[in-house]
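A.B. asks: Below is the file data13.cif, with mmCIF, C-alpha atoms.
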data_target
loop_
_atom_site.label_atom_id
_atom_site.label_comp_id
_atom_site.auth_asym_id
_atom_site.auth_seq_id
_atom_site.Cartn_x
_atom_site.Cartn_y
_atom_site.Cartn_z
CA MET A 927 -26.71 -59.23 52.87
CA PRO A 928 -29.70 -57.17 54.09
CA SER A 929 -33.21 -57.80 52.84
CA TYR A 930 -34.94 -55.76 50.13
CA HIS A 931 -37.08 -54.19 52.86
CA ASP A 932 -34.10 -53.20 55.00
CA VAL A 933 -32.23 -51.74 52.02
CA LEU A 934 -35.20 -49.66 50.93
CA TRP A 935 -35.96 -48.25 54.36
CA ALA A 936 -32.32 -47.51 55.10
CA THR A 937 -32.12 -45.61 51.80
CA TYR A 938 -35.30 -43.65 52.50
CA HIS A 939 -33.78 -42.57 55.82
CA GLN A 940 -30.41 -41.78 54.20
CA LEU A 941 -32.02 -39.48 51.63
CA LYS A 942 -34.77 -37.91 53.76
CA ASP A 943 -33.12 -34.48 53.76
CA THR A 944 -32.31 -34.46 50.03
CA ASP A 945 -34.32 -33.69 46.89
CA VAL A 946 -34.49 -37.41 46.03
CA SER A 947 -38.02 -38.79 46.34
CA ASP A 948 -38.91 -42.16 47.87
CA GLU A 949 -40.64 -42.94 44.56
CA ALA A 950 -37.37 -42.53 42.61
CA VAL A 951 -35.60 -44.86 45.05
CA GLN A 952 -38.32 -47.48 44.70
CA ILE A 953 -38.39 -47.26 40.90
CA LEU A 954 -34.60 -47.64 40.84
CA MET A 955 -34.90 -50.85 42.82
CA LEU A 956 -37.83 -52.18 40.80
CA GLU A 957 -36.10 -51.57 37.48
CA LEU A 958 -32.73 -52.98 38.59
CA CYS A 959 -34.48 -56.05 40.02
CA ASN A 960 -36.82 -56.34 37.03
CA MET A 961 -39.72 -56.69 39.46
CA SER A 962 -43.25 -55.36 39.70
CA HIS A 963 -44.49 -53.76 42.93
CA ASN A 964 -46.23 -57.02 43.82
CA ASP A 965 -43.07 -59.05 43.18
CA LEU A 966 -41.07 -56.74 45.41
CA PHE A 967 -43.67 -57.01 48.16
CA LEU A 968 -43.56 -60.80 47.99
CA ASN A 969 -39.76 -60.73 48.21
CA TYR A 970 -39.53 -57.97 50.83
CA ASP A 971 -37.92 -60.13 53.52
CA LYS A 972 -35.57 -62.02 51.22
CA GLU A 973 -31.88 -61.28 51.13
CA MET A 974 -30.86 -58.92 48.33
CA PRO A 975 -28.22 -60.45 46.02
CA ALA A 976 -24.79 -58.87 46.51
CA GLN A 977 -24.31 -57.75 42.90
CA LEU A 978 -27.77 -56.18 42.82
CA TYR A 979 -27.05 -54.44 46.12
CA ARG A 980 -23.86 -52.92 44.70
CA GLU A 981 -25.66 -51.71 41.56
CA PHE A 982 -28.42 -50.21 43.69
CA GLN A 983 -25.94 -48.36 45.91
CA LYS A 984 -24.18 -46.93 42.85
CA GLY A 985 -27.53 -45.74 41.53
CA VAL A 986 -28.42 -44.14 44.87
CA SER A 987 -25.11 -42.25 44.88
CA ARG A 988 -25.92 -40.88 41.45
CA LEU A 989 -29.42 -39.88 42.58
CA GLN A 990 -27.81 -37.94 45.44
CA ARG A 991 -25.89 -35.93 42.83
CA ASN A 992 -29.25 -34.98 41.27
CA GLU A 993 -28.65 -37.15 38.21
CA PRO A 994 -32.00 -38.06 36.60
CA LEU A 995 -33.14 -41.61 37.27
CA GLN A 996 -33.61 -42.25 33.56
CA TYR A 997 -29.94 -41.53 32.82
CA ILE A 998 -28.91 -43.85 35.64
CA LEU A 999 -31.04 -46.66 34.22
CA GLY A 1000 -30.19 -45.74 30.64
CA TYR A 1001 -33.80 -45.77 29.48
CA GLN A 1002 -37.29 -44.35 29.93
CA TRP A 1003 -40.63 -46.02 29.28
CA PHE A 1004 -42.68 -44.02 26.77
CA TYR A 1005 -46.07 -45.05 25.41
CA GLY A 1006 -45.29 -48.60 26.53
CA TYR A 1007 -41.95 -48.74 24.73
CA LYS A 1008 -38.50 -48.84 26.30
CA ILE A 1009 -36.57 -45.85 24.94
CA ARG A 1010 -32.81 -45.66 25.43
CA VAL A 1011 -31.64 -42.26 26.71
CA ASN A 1012 -28.36 -40.64 27.69
CA GLU A 1013 -27.16 -37.11 28.33
CA GLU A 1014 -27.21 -36.34 24.60
CA VAL A 1015 -31.01 -36.42 24.51
CA LEU A 1016 -33.91 -35.00 26.47
CA ILE A 1017 -35.72 -37.49 28.68
CA PRO A 1018 -39.19 -38.20 27.21
CA ARG A 1019 -41.95 -36.94 29.52
CA TYR A 1020 -45.23 -38.65 30.28
CA GLU A 1021 -47.13 -35.53 29.18
CA THR A 1022 -45.79 -36.03 25.67
CA GLU A 1023 -47.58 -39.38 25.46
CA GLU A 1024 -50.80 -37.37 25.26
CA LEU A 1025 -49.49 -35.56 22.19
CA VAL A 1026 -48.85 -38.94 20.55
CA ALA A 1027 -52.34 -40.18 21.44
CA ASN A 1028 -53.99 -37.09 19.95
CA VAL A 1029 -51.94 -37.27 16.76
CA LEU A 1030 -53.01 -40.90 16.31
CA ALA A 1031 -56.66 -39.99 16.88
CA ASP A 1032 -56.57 -37.08 14.44
CA SER A 1033 -54.79 -39.14 11.78
CA ASP A 1034 -57.60 -41.69 11.95
CA TYR A 1035 -60.20 -38.94 11.71
CA TYR A 1036 -58.73 -36.82 8.93
CA PHE A 1037 -57.01 -39.50 6.83
CA PRO A 1038 -59.14 -42.63 7.27
CA ASP A 1039 -58.74 -43.83 3.70
CA LYS A 1040 -55.10 -42.99 3.03
CA GLU A 1041 -52.90 -46.05 2.61
CA VAL A 1042 -49.75 -44.05 3.36
CA ILE A 1043 -49.60 -41.01 5.63
CA GLU A 1044 -46.40 -38.98 5.39
CA ILE A 1045 -45.35 -37.55 8.74
CA ALA A 1046 -42.31 -35.98 10.37
CA ASP A 1047 -41.16 -35.55 13.95
CA VAL A 1048 -39.11 -32.34 13.99
CA GLY A 1049 -36.41 -32.20 16.68
CA THR A 1050 -36.72 -35.89 17.46
CA GLY A 1051 -34.07 -36.27 20.17
CA SER A 1052 -34.26 -39.86 21.43
CA GLY A 1053 -36.83 -40.58 18.73
CA ALA A 1054 -39.54 -41.29 21.31
CA ILE A 1055 -42.40 -39.52 19.50
CA ALA A 1056 -41.49 -40.88 16.06
CA LEU A 1057 -40.97 -44.40 17.38
CA ALA A 1058 -44.24 -44.51 19.31
CA LEU A 1059 -46.21 -43.14 16.35
CA LYS A 1060 -44.67 -45.58 13.88
CA LYS A 1061 -45.17 -48.56 16.22
CA GLU A 1062 -48.80 -47.63 16.74
CA GLU A 1063 -49.57 -46.80 13.08
CA PRO A 1064 -47.62 -48.84 10.51
CA LYS A 1065 -49.03 -46.87 7.55
CA PHE A 1066 -47.09 -43.79 8.69
CA LEU A 1067 -44.17 -42.98 6.38
CA MET A 1068 -42.07 -41.52 9.17
CA HIS A 1069 -39.29 -38.93 8.93
CA ALA A 1070 -37.44 -37.56 11.95
CA THR A 1071 -35.04 -34.60 12.07
CA ASP A 1072 -32.54 -33.34 14.60
CA ILE A 1073 -29.61 -30.94 14.47
CA SER A 1074 -27.55 -33.19 16.77
CA ALA A 1075 -25.70 -36.12 15.22
CA THR A 1076 -25.24 -37.71 18.64
CA ALA A 1077 -28.97 -37.46 19.37
CA LEU A 1078 -29.77 -39.06 16.01
CA LYS A 1079 -27.41 -41.92 16.85
CA VAL A 1080 -29.45 -42.62 19.99
CA ALA A 1081 -32.70 -42.39 17.99
CA GLU A 1082 -31.37 -44.76 15.32
CA GLU A 1083 -30.36 -47.28 17.99
CA ASN A 1084 -33.85 -47.09 19.45
CA ALA A 1085 -35.40 -47.64 16.03
CA HIS A 1086 -33.18 -50.69 15.50
CA THR A 1087 -34.12 -52.12 18.90
CA LEU A 1088 -37.84 -51.56 18.33
CA GLU A 1089 -37.59 -52.80 14.72
CA VAL A 1090 -39.16 -49.79 13.06
CA GLU A 1091 -38.19 -48.05 9.83
CA ILE A 1092 -37.69 -44.29 10.15
CA ASP A 1093 -35.98 -41.86 7.78
CA PHE A 1094 -33.61 -39.96 10.08
CA LEU A 1095 -32.33 -36.63 8.76
CA GLN A 1096 -29.72 -34.38 10.33
CA GLY A 1097 -30.26 -30.63 10.15
CA ASP A 1098 -31.87 -27.61 11.74
CA MET A 1099 -35.61 -28.09 12.29
CA LEU A 1100 -37.39 -28.23 8.87
CA GLN A 1101 -34.34 -27.69 6.67
CA PRO A 1102 -33.61 -31.38 5.93
CA LEU A 1103 -37.23 -31.87 4.85
CA ILE A 1104 -37.07 -28.77 2.64
CA ASP A 1105 -33.81 -29.92 1.08
CA LYS A 1106 -35.31 -33.28 0.15
CA GLY A 1107 -38.59 -31.81 -1.13
CA ILE A 1108 -40.65 -33.82 1.36
CA LYS A 1109 -44.34 -32.95 1.67
CA LEU A 1110 -46.18 -33.93 4.83
CA ASP A 1111 -49.68 -34.89 5.83
CA ILE A 1112 -48.71 -34.41 9.48
CA LEU A 1113 -45.96 -32.36 11.11
CA VAL A 1114 -45.26 -33.11 14.79
CA SER A 1115 -42.81 -31.34 17.06
CA ASN A 1116 -41.95 -30.98 20.72
CA PRO A 1117 -39.38 -28.20 20.31
CA PRO A 1118 -37.38 -26.52 23.10
CA TYR A 1119 -39.82 -24.09 24.74
CA ILE A 1120 -38.38 -22.99 28.08
CA PRO A 1121 -37.58 -19.24 28.16
CA ARG A 1122 -33.85 -18.65 28.50
CA GLN A 1123 -33.98 -16.98 31.92
CA GLN A 1124 -36.52 -19.33 33.52
CA GLU A 1125 -35.30 -21.31 36.51
CA ILE A 1126 -35.56 -25.08 36.10
CA GLN A 1127 -35.10 -28.12 38.29
CA LYS A 1128 -31.46 -28.67 39.30
CA SER A 1129 -31.24 -32.17 37.80
CA VAL A 1130 -32.65 -30.92 34.49
CA ASP A 1131 -30.32 -27.91 34.35
CA LYS A 1132 -27.23 -29.91 35.24
CA TYR A 1133 -27.71 -33.05 33.17
CA GLU A 1134 -30.16 -32.62 30.28
CA PRO A 1135 -28.99 -31.01 27.01
CA HIS A 1136 -29.74 -27.29 27.03
CA VAL A 1137 -30.11 -27.25 23.25
CA ALA A 1138 -33.24 -29.38 23.74
CA LEU A 1139 -34.63 -27.25 26.56
CA PHE A 1140 -34.40 -23.53 25.89
CA GLY A 1141 -36.39 -21.73 23.22
CA GLY A 1142 -34.94 -18.23 23.21
CA ASP A 1143 -35.93 -15.26 25.34
CA ASP A 1144 -39.67 -16.01 25.29
CA GLY A 1145 -39.59 -19.75 24.61
CA LEU A 1146 -41.12 -19.39 21.14
CA TYR A 1147 -38.01 -19.16 18.95
CA PHE A 1148 -38.30 -22.65 17.45
CA TYR A 1149 -42.06 -22.42 16.94
CA ARG A 1150 -41.48 -19.32 14.82
CA MET A 1151 -38.80 -21.16 12.84
CA ILE A 1152 -41.28 -23.91 12.05
CA PHE A 1153 -44.23 -21.59 11.41
CA GLU A 1154 -42.20 -19.45 8.98
CA ASN A 1155 -41.23 -22.42 6.82
CA ALA A 1156 -44.07 -24.89 7.36
CA HIS A 1157 -45.72 -24.00 4.03
CA LYS A 1158 -42.65 -25.45 2.30
CA VAL A 1159 -43.21 -28.94 3.71
CA ILE A 1160 -46.94 -29.41 4.40
CA LYS A 1161 -49.55 -30.53 1.89
CA GLU A 1162 -52.69 -28.58 1.00
CA LYS A 1163 -54.59 -30.73 3.49
CA SER A 1164 -52.53 -31.42 6.58
CA PHE A 1165 -52.24 -30.76 10.26
CA LEU A 1166 -49.47 -29.70 12.63
CA ALA A 1167 -49.17 -30.86 16.23
CA PHE A 1168 -46.97 -29.37 18.96
CA GLU A 1169 -46.29 -29.69 22.63
CA ILE A 1170 -46.19 -26.24 24.24
CA GLY A 1171 -45.29 -24.71 27.60
CA TYR A 1172 -48.28 -24.70 29.93
CA ASP A 1173 -48.13 -20.90 30.28
CA GLU A 1174 -47.46 -20.03 26.62
CA LYS A 1175 -50.96 -20.39 25.18
CA ASP A 1176 -51.78 -16.71 24.61
CA ALA A 1177 -48.37 -15.86 23.16
CA ILE A 1178 -48.29 -18.81 20.81
CA ILE A 1179 -51.84 -18.19 19.57
CA LYS A 1180 -50.71 -14.75 18.39
CA GLU A 1181 -47.99 -16.42 16.35
CA VAL A 1182 -50.42 -18.98 14.91
CA GLU A 1183 -52.83 -16.25 13.83
CA LYS A 1184 -49.94 -14.39 12.21
CA TYR A 1185 -48.57 -17.32 10.21
CA PHE A 1186 -51.77 -19.35 9.67
CA PRO A 1187 -54.48 -16.66 9.41
CA ASN A 1188 -56.89 -18.86 7.46
CA ASP A 1189 -56.44 -22.09 9.39
CA ARG A 1190 -58.35 -23.55 12.30
CA TYR A 1191 -56.43 -24.31 15.48
CA GLU A 1192 -57.02 -25.54 19.01
CA VAL A 1193 -55.07 -25.76 22.25
CA LEU A 1194 -55.68 -28.93 24.26
CA LYS A 1195 -55.20 -29.48 27.98
CA ASP A 1196 -53.29 -32.42 29.37
CA ILE A 1197 -54.44 -34.75 32.13
CA ASN A 1198 -53.36 -32.14 34.69
CA LYS A 1199 -55.63 -29.52 33.09
CA LYS A 1200 -52.70 -27.53 31.75
CA ASP A 1201 -52.55 -26.10 28.21
CA ARG A 1202 -50.02 -28.46 26.64
CA MET A 1203 -50.85 -29.21 23.00
CA LEU A 1204 -51.37 -27.05 19.94
CA PHE A 1205 -53.01 -28.42 16.79
CA ILE A 1206 -53.22 -26.43 13.55
CA TYR A 1207 -55.50 -27.75 10.79
CA HIS A 1208 -54.38 -26.60 7.36
CA GLY A 1209 -56.99 -26.92 4.63
CA ILE A 1210 -59.06 -29.43 6.61
#
As a first step, turn the structure in this file into structure tokens.
C.D. replies:
Amino acid sequence: MPSYHDVLWATYHQLKDTDVSDEAVQILMLELCNMSHNDLFLNYDKEMPAQLYREFQKGVSRLQRNEPLQYILGYQWFYGYKIRVNEEVLIPRYETEELVANVLADSDYYFPDKEVIEIADVGTGSGAIALALKKEEPKFLMHATDISATALKVAEENAHTLEVEIDFLQGDMLQPLIDKGIKLDILVSNPPYIPRQQEIQKSVDKYEPHVALFGGDDGLYFYRMIFENAHKVIKEKSFLAFEIGYDEKDAIIKEVEKYFPNDRYEVLKDINKKDRMLFIYHGI
């Protein structure tokens, strides 16, 4: 069998005229081998085991068909936690980790003395946001909603694997929370926000669930759904946190000022200096 080095470089050459990045190829090998970059470097000239070579070649073939790496591996790392994913759920993005970090910081600031903080992740998908928040803050009483039963099954499996207790509810956006009379200190959501006609990456369009991607003609359909009904589920003192499209700031602020005219809000930039997070502070 060829060495790790020879396999990698042959694959780079094989895929040089495709959309597959060298980074994706290397991550595929690292994850399949369960190695760090340093481990791989130290083993560069060693022969690659036959079974591992076959698995790697299968993965490369799937990458060539534009299938996302995370679906090939069956998981994505998010906030330090291994989150199972498949084509029923959106792949968690690294940018969303910043939303989680800011929610945790604001919960400490606004509710420092509360023994239990009631919170919901609306449109949970794989459960990544809810799981990371609950793992990081045990005093969260966590609810998570999704309209897709198959997505909730993935989220429930992730919760079982990570040994966290989450109240999963099936239904459209806030409706399950309304039906149960749940009142929240914190409402978090990363809803579909891509405008219907916007072109997206081929691998995303082909493989990821469109129900979790597109937010109507202007990308704001699901934000309006939440804004219209938020008063039914939030407490007198609470905050709402959203991921938003980087180019949707001005349009979404108009909606915030319409539905929350008396509340303070702010739009935060992510590490790439793009407008990515919206926080609305209700009564605080």
A.B. asks: Go through A:Asp1105, A:Glu1183, A:Asp1098, A:Asp1189 and flag the residue nearest A:Phe1165, using only C-alpha atoms for the distances.
C.D. replies: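 Smallest separation from A:Phe1165 among the options: A:Asp1189.
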A.B. asks: When distances are computed from only C-alpha atoms, which of A:Asp1072, A:Asp1111, A:Asp932, A:Glu1041 shows the smallest separation from A:Ile1160?
C.D. replies: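 With only C-alpha atoms as the atom set, the closest residue is A:Asp1111.
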A.B. asks: If the PyMOL selection byres ((chain A and resi 1005) around 8) is run on the structure shown, which residues does it catch, given as a PyMOL selection string?
C.D. replies: chain A and resi 1003-1004+1006-1007+1023+1058
A.B. asks: Around stretch 1149-1165 of chain A, fit a box with edges along x, y and z, padding it by 8 Å on each side, then list its centre and edge lengths in Å to one decimal as JSON.
C.D. replies:
{"center_x": -46.7, "center_y": -25.4, "center_z": 9.0, "size_x": 31.8, "size_y": 28.1, "size_z": 31.9}
A.B. asks: One number please: atom CA of A:Leu1204 to atom CA of A:Glu1192, in Å, one decimal.
C.D. replies: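 Answer for the atom CA of A:Leu1204 to atom CA of A:Glu1192 separation: 5.9 Å.
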A.B. asks: Could you pull the residues within 9 Å of A:Leu995, counting all atoms listed in the file, minus those fewer than 2 positions along the same chain, as an MDAnalysis selection string?
C.D. replies: chainID A and resid 950:951 953:954 985 988:989 992:993 997:1002
A.B. asks: Counting only C-alpha atoms, I want the residues whose atoms come within 12 Å of (-57.0, -29.9, 24.3) in the file frame, returned as a list in words.
C.D. replies: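 Nearby residues: Glu1024, Leu1025, Ala1027, Asn1028, Val1029, Ala1167, Phe1168, Glu1169, Ile1170, Tyr1172, Lys1175, Tyr1191, Glu1192, Val1193, Leu1194, Lys1195, Asp1196, Ile1197, Asn1198, Lys1199, Lys1200, Asp1201, Arg1202, Met1203, Leu1204, Phe1205 and Ile1206 of chain A.
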A.B. asks: So, counting all atoms listed in the file, which residue among A:Leu1103, A:Ala976, A:Ile1055, A:Val946 is closest to A:Ile1017?
C.D. replies: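 For A:Ile1017, the nearest of the candidates is A:Ile1055.
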A.B. asks: Could you expand the PyMOL selection byres ((chain A and resi 1094) around 12) into the explicit residues it covers here, written as a PyMOL selection string?
C.D. replies: chain A and resi 1046-1053+1056-1057+1067-1075+1077-1085+1090-1093+1095-1097+1102-1103
A.B. asks: May I ask for the distance between atom CA of A:Glu1013 and atom CA of A:Ser962, given in Å to one decimal place?
C.D. replies: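 Value for the atom CA of A:Glu1013-atom CA of A:Ser962 distance: 26.9 Å.
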A.B. asks: Could you list, as a list in words, every residue within 9 Å of A:Val986, counting only C-alpha atoms and ignoring same-chain residues fewer than 4 positions away?
C.D. replies: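 My list of contacting residues is Thr937, Leu941, Val951, Leu954, Glu981, Phe982, Gln990 and Arg991 of chain A.
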A.B. asks: Could you list, as a PyMOL selection string, every residue within 9 Å of A:Tyr938, counting all atoms listed in the file and ignoring same-chain residues fewer than 3 positions away?
C.D. replies: chain A and resi 933-935+941-942+947-948+951
A.B. asks: Using the chain letters and numbers from the file, give me the residues hit by the PyMOL selection byres ((chain A and resi 1162) around 10), as a PyMOL selection string.
C.D. replies: chain A and resi 1109-1111+1157+1159-1161+1163-1165+1208-1210
A.B. asks: Can you pull out the residues contacting A:Met974? Cut-off 7 Å, using all atoms listed in the file, and skip same-chain residues under 6 positions away; I want them as an mmCIF file with C-alpha atoms, in the coordinates of the input.
C.D. replies:
data_model
loop_
_atom_site.group_PDB
_atom_site.id
_atom_site.type_symbol
_atom_site.label_atom_id
_atom_site.label_comp_id
_atom_site.auth_asym_id
_atom_site.auth_seq_id
_atom_site.Cartn_x
_atom_site.Cartn_y
_atom_site.Cartn_z
ATOM 1 C CA MET A 927 -26.710 -59.230 52.870
ATOM 2 C CA PRO A 928 -29.700 -57.170 54.090
ATOM 3 C CA SER A 929 -33.210 -57.800 52.840
ATOM 4 C CA TYR A 930 -34.940 -55.760 50.130
#
A.B. asks: Please, what distance in Å, to one decimal, runs between atom CA of A:Pro1018 and atom CA of A:Glu1174?
C.D. replies: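 Straight-line distance from atom CA of A:Pro1018 to atom CA of A:Glu1174 works out to 20.0 Å.
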A.B. asks: Using all atoms listed in the file, which protein or nucleic acid residues come within 10 Å of A:Val1182? Drop anything in the same chain fewer than 2 positions from it, and give the result as JSON, numbers by chain.
C.D. replies: {"A": [1149, 1150, 1153, 1177, 1178, 1179, 1180, 1184, 1185, 1186, 1187, 1188, 1189, 1190, 1191, 1204, 1205, 1206]}
A.B. asks: With all atoms listed in the file as the atoms that count, which of A:Arg980, A:Met955, A:Ile1112, A:Lys1158 lies nearest to A:Asp1032?
C.D. replies: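 Nearest to A:Asp1032: A:Ile1112.
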A.B. asks: For each of A:Gln983, A:Gln952, A:Thr1087, A:Ser1033, take the minimum atom-to-atom distance to A:Phe1066, counting all atoms listed in the file, then give the residue where this is smallest.
C.D. replies: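 Closest residue, counting all atoms listed in the file: A:Ser1033.
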